[in-house]
Amino acid sequence: AVVPAECESLGSQAAIKECVCSKYRNGYVVQLEKEIFDETRMRHYYADSLESIQGINDIEATSVSYTYDYARFGCPTFVPYTELFKPQLEVWDFDTKVKDVSADYVLVEAHGRSEVSFRYTAAQAGCLRRLEAWSEKLLRASNFTEAWNMKNHQSCFSPDPNSSDTSWAADEYPILNATSGNYITFTSTSTDAPFQFFVTVVDPDYSFCTLHTAFALEVYGMPLTALATISIVFYVVLCSLALLACTYLVHRRDILAANANDEAKKNK
């Protein structure tokens, strides 16, 4: 369930939200299997605090664990697995909302998790040239906002006269805006760890300021993995066979007992 039973009984929406968020606020430990994230990106993100990631330097470890950064990402937004998600960005001046963001922005998952992807490829977005990948941009920067922002963003909608390569056409297109058909989508995962995103406005004509923020998503309703499905089916079939065998043995015992009684009566 999205809302734990102990929170549902609190009544008011404010009390329920506070109850749910307290899980993440009070030292919530996240565990991720190594096969579902980009270790290079994680090492870059935690470069100054790599010692806080347990298991990252253990070659034999199959997962890592770390404490959720509530101060940076806040309480996660809960979204269903089937939803095509796009953050609706707003500009605020302290407690006053200034406007909705209509400009292009780039989105990145902090750990490079493989269960999240973008709906559009570069070709579907209409690109005429290759966009640099995050792995390349991060080589020249210390953080995500510095790596890709309005000052160094290069549009892909003008052709590159020095290249005829089109192998990039199937690359993911990580740029969204309020009206585009590009969204992020989710695939099946074996963990309920929140996705942690950074977003930066990259339109150079939108603002003199570098507009950026961070947020987290908890995705619920994901289908079971193939292994889990096979395990459940196997367990159900095994239980059914065991029940059938027990029924047969009990029924056979009753028949043998009845036959024995009949033989005993005949011999009297």
# chains A, B, ... in the order shown; residues from 1 in each chain; ligands from 1
call {"tool": "residues_around", "arguments": {"residues": "Tyr173 of chain A", "least_positions_apart": "5", "cutoff": "9 Å", "atoms": "only C-alpha atoms", "output": "MDAnalysis selection string"}}
result
chainID A and resid 118:125 127 131 182
call {"tool": "write_last_selection", "arguments": {"atoms": "all heavy atoms", "output": "short mmCIF file (atom, residue, chain, number, x, y, z; two decimals), in the first residue's frame"}}
result
data_model
loop_
_atom_site.label_atom_id
_atom_site.label_comp_id
_atom_site.auth_asym_id
_atom_site.auth_seq_id
_atom_site.Cartn_x
_atom_site.Cartn_y
_atom_site.Cartn_z
N PHE A 118 13.50 7.46 -20.71
CA PHE A 118 12.74 8.55 -21.32
C PHE A 118 11.91 8.02 -22.48
O PHE A 118 12.34 7.11 -23.20
CB PHE A 118 13.68 9.66 -21.81
CG PHE A 118 14.36 10.39 -20.69
CD1 PHE A 118 15.57 9.94 -20.19
CD2 PHE A 118 13.77 11.51 -20.10
CE1 PHE A 118 16.21 10.60 -19.14
CE2 PHE A 118 14.39 12.17 -19.06
CZ PHE A 118 15.61 11.71 -18.58
N ARG A 119 10.75 8.59 -22.65
CA ARG A 119 9.84 8.12 -23.70
C ARG A 119 10.40 8.38 -25.10
O ARG A 119 10.25 7.56 -26.00
CB ARG A 119 8.48 8.81 -23.54
CG ARG A 119 7.41 8.30 -24.47
CD ARG A 119 6.15 9.12 -24.31
NE ARG A 119 5.05 8.59 -25.11
CZ ARG A 119 3.92 9.24 -25.33
NH1 ARG A 119 3.73 10.44 -24.81
NH2 ARG A 119 2.97 8.71 -26.06
N TYR A 120 11.04 9.52 -25.29
CA TYR A 120 11.55 9.90 -26.61
C TYR A 120 13.01 9.49 -26.78
O TYR A 120 13.83 9.62 -25.86
CB TYR A 120 11.48 11.42 -26.79
CG TYR A 120 10.14 11.96 -27.22
CD1 TYR A 120 9.04 11.12 -27.40
CD2 TYR A 120 9.97 13.32 -27.45
CE1 TYR A 120 7.81 11.64 -27.78
CE2 TYR A 120 8.74 13.84 -27.84
CZ TYR A 120 7.66 13.00 -28.00
OH TYR A 120 6.46 13.51 -28.37
N THR A 121 13.31 9.04 -27.98
CA THR A 121 14.70 8.93 -28.40
C THR A 121 15.09 10.25 -29.05
O THR A 121 14.23 11.11 -29.31
CB THR A 121 14.89 7.80 -29.42
OG1 THR A 121 14.12 8.12 -30.59
CG2 THR A 121 14.42 6.46 -28.86
N ALA A 122 16.37 10.41 -29.34
CA ALA A 122 16.83 11.64 -29.99
C ALA A 122 16.13 11.84 -31.33
O ALA A 122 15.73 12.95 -31.68
CB ALA A 122 18.34 11.61 -30.17
N ALA A 123 15.96 10.75 -32.08
CA ALA A 123 15.30 10.84 -33.39
C ALA A 123 13.84 11.24 -33.24
O ALA A 123 13.32 12.06 -34.00
CB ALA A 123 15.42 9.50 -34.12
N GLN A 124 13.14 10.66 -32.26
CA GLN A 124 11.72 10.99 -32.04
C GLN A 124 11.54 12.43 -31.61
O GLN A 124 10.51 13.05 -31.88
CB GLN A 124 11.13 10.04 -31.00
CG GLN A 124 10.98 8.60 -31.49
CD GLN A 124 10.58 7.65 -30.39
OE1 GLN A 124 11.00 7.80 -29.24
NE2 GLN A 124 9.77 6.65 -30.73
N ALA A 125 12.55 12.98 -30.93
CA ALA A 125 12.47 14.38 -30.50
C ALA A 125 12.76 15.35 -31.65
O ALA A 125 12.51 16.55 -31.54
CB ALA A 125 13.45 14.63 -29.36
N CYS A 127 15.91 15.49 -33.25
CA CYS A 127 17.32 15.91 -33.25
C CYS A 127 17.95 15.72 -34.64
O CYS A 127 17.65 14.74 -35.34
CB CYS A 127 18.11 15.12 -32.23
SG CYS A 127 17.80 15.61 -30.52
N LEU A 131 23.45 14.61 -29.14
CA LEU A 131 23.60 15.28 -27.85
C LEU A 131 24.69 14.59 -27.05
O LEU A 131 24.79 13.36 -27.08
CB LEU A 131 22.29 15.20 -27.05
CG LEU A 131 21.21 16.24 -27.30
CD1 LEU A 131 19.97 15.86 -26.50
CD2 LEU A 131 21.67 17.63 -26.89
N ASN A 182 7.46 14.21 -24.29
CA ASN A 182 8.50 13.41 -23.64
C ASN A 182 8.21 13.28 -22.15
O ASN A 182 7.89 14.27 -21.48
CB ASN A 182 9.88 14.04 -23.85
CG ASN A 182 11.01 13.07 -23.61
OD1 ASN A 182 10.80 11.85 -23.56
ND2 ASN A 182 12.21 13.58 -23.47
#
call {"tool": "residues_around", "arguments": {"residues": "Lys86 of chain A", "least_positions_apart": "6", "cutoff": "8 Å", "atoms": "only C-alpha atoms", "output": "ChimeraX atom specification"}}
result
/A:176,182-184
call {"tool": "write_last_selection", "arguments": {"atoms": "C-alpha atoms", "output": "PDB file, in the first residue's frame"}}
result
ATOM      1  CA  LEU A 176      11.542  17.894 -21.384  1.00  0.00           C
ATOM      2  CA  ASN A 182       8.498  13.406 -23.644  1.00  0.00           C
ATOM      3  CA  TYR A 183       8.088  11.780 -20.218  1.00  0.00           C
ATOM      4  CA  ILE A 184       9.971   9.431 -17.952  1.00  0.00           C
TER       5      ILE A 184
END
call {"tool": "atom_distance", "arguments": {"atom1": "atom CA of Phe186 of chain A", "atom2": "atom CA of Lys99 of chain A"}}
result
28.9 Å
call {"tool": "closest_residue", "arguments": {"among": "A:Tyr46, A:Phe37, A:Tyr105, A:Tyr220", "to": "Glu83 of chain A", "atoms": "only C-alpha atoms"}}
result
A:Tyr220
call {"tool": "select_by_dssp", "arguments": {"residues": "segment 8-242 of chain A", "states": "strand (DSSP E)", "output": "ChimeraX atom specification"}}
result
/A:29-33,63-67,77-80,90-93,96-100,105-109,116-118,175-176,184-186,195-201,212-220
call {"tool": "closest_residue", "arguments": {"among": "A:Thr185, A:Ser142, A:Glu136, A:Asp69", "to": "Ser117 of chain A", "atoms": "only C-alpha atoms"}}
result
A:Thr185
call {"tool": "closest_residue", "arguments": {"among": "A:Asn259, A:Ser163, A:Thr191, A:Ser180", "to": "Ser63 of chain A", "atoms": "only C-alpha atoms"}}
result
A:Thr191
call {"tool": "closest_residue", "arguments": {"among": "A:Gln88, A:Ser65, A:Thr82, A:Thr40", "to": "Thr187 of chain A", "atoms": "only C-alpha atoms"}}
result
A:Thr82
call {"tool": "closest_atom_pairs", "arguments": {"of": "segment 31-123 of chain A", "to": "segment 14-25 of chain A", "cutoff": "8 Å", "atoms": "only C-alpha atoms", "output": "Markdown table"}}
result
| residue | atom | partner | partner_atom | distance |
| --- | --- | --- | --- | --- |
| A:Tyr68 | CA | A:Tyr24 | CA | 6.8 |
| A:Tyr70 | CA | A:Arg25 | CA | 5.6 |
| A:Gly74 | CA | A:Arg25 | CA | 7.9 |
| A:Cys75 | CA | A:Cys21 | CA | 5.4 |
| A:Pro76 | CA | A:Cys21 | CA | 7.8 |
call {"tool": "write_last_selection", "arguments": {"atoms": "all heavy atoms", "output": "compact mmCIF listing (two decimals), in the first residue's frame"}}
result
# COMPACT_ATOMS: atom_id res chain seq x y z
N TYR A 68 19.13 8.03 3.02
CA TYR A 68 18.40 8.93 2.12
C TYR A 68 18.62 10.39 2.54
O TYR A 68 18.53 10.74 3.72
CB TYR A 68 16.91 8.59 2.18
CG TYR A 68 16.03 9.47 1.34
CD1 TYR A 68 16.04 9.38 -0.05
CD2 TYR A 68 15.17 10.40 1.93
CE1 TYR A 68 15.22 10.20 -0.83
CE2 TYR A 68 14.35 11.21 1.17
CZ TYR A 68 14.38 11.11 -0.21
OH TYR A 68 13.57 11.91 -0.97
N TYR A 70 17.23 13.48 2.93
CA TYR A 70 15.93 14.17 3.01
C TYR A 70 16.09 15.68 2.85
O TYR A 70 15.23 16.34 2.25
CB TYR A 70 15.26 13.86 4.35
CG TYR A 70 13.87 14.41 4.47
CD1 TYR A 70 12.77 13.69 4.02
CD2 TYR A 70 13.64 15.68 5.02
CE1 TYR A 70 11.48 14.20 4.12
CE2 TYR A 70 12.36 16.20 5.11
CZ TYR A 70 11.28 15.46 4.66
OH TYR A 70 10.01 15.97 4.75
N GLY A 74 13.76 15.93 -0.07
CA GLY A 74 12.46 16.07 0.56
C GLY A 74 11.68 14.77 0.58
O GLY A 74 12.21 13.68 0.32
N CYS A 75 10.40 14.88 0.88
CA CYS A 75 9.52 13.71 0.90
C CYS A 75 9.21 13.29 -0.54
O CYS A 75 8.82 14.12 -1.36
CB CYS A 75 8.24 14.04 1.63
SG CYS A 75 7.16 12.60 1.90
N PRO A 76 9.40 12.03 -0.89
CA PRO A 76 9.14 11.60 -2.27
C PRO A 76 7.69 11.77 -2.68
O PRO A 76 6.78 11.69 -1.85
CB PRO A 76 9.53 10.11 -2.26
CG PRO A 76 10.43 9.95 -1.09
CD PRO A 76 9.94 10.93 -0.07
call {"tool": "residues_around", "arguments": {"residues": "Ala147 of chain A", "least_positions_apart": "3", "cutoff": "12 Å", "atoms": "only C-alpha atoms", "output": "ChimeraX atom specification"}}
result
/A:44-45,106-108,132-144,150-153,198-200,202
call {"tool": "closest_residue", "arguments": {"among": "A:Glu35, A:Glu6, A:Asp205, A:Asp95", "to": "Glu115 of chain A", "atoms": "only C-alpha atoms"}}
result
A:Glu35
call {"tool": "closest_residue", "arguments": {"among": "A:Leu217, A:Ala103, A:Leu128, A:Ala170", "to": "Phe157 of chain A", "atoms": "only C-alpha atoms"}}
result
A:Leu128
call {"tool": "residues_around", "arguments": {"residues": "Thr67 of chain A", "least_positions_apart": "2", "cutoff": "9 Å", "atoms": "only C-alpha atoms", "output": "list in words"}}
result
Gly27, Tyr28, Val29, Val30, Gln31, Ser52, Ile53, Ser65, Asp69 and Tyr70 of chain A
call {"tool": "select_by_dssp", "arguments": {"residues": "segment 60-171 of chain A", "states": "alpha helix (DSSP H)", "output": "list of chain:residue names"}}
result
A:Tyr70, A:Ala71, A:Arg72, A:Phe73, A:Ala122, A:Ala123, A:Gln124, A:Ala125, A:Trp134, A:Ser135, A:Glu136, A:Lys137, A:Phe144, A:Thr145, A:Glu146, A:Ala147
call {"tool": "atom_distance", "arguments": {"atom1": "atom CA of Ala193 of chain A", "atom2": "atom CA of Glu218 of chain A"}}
result
7.1 Å
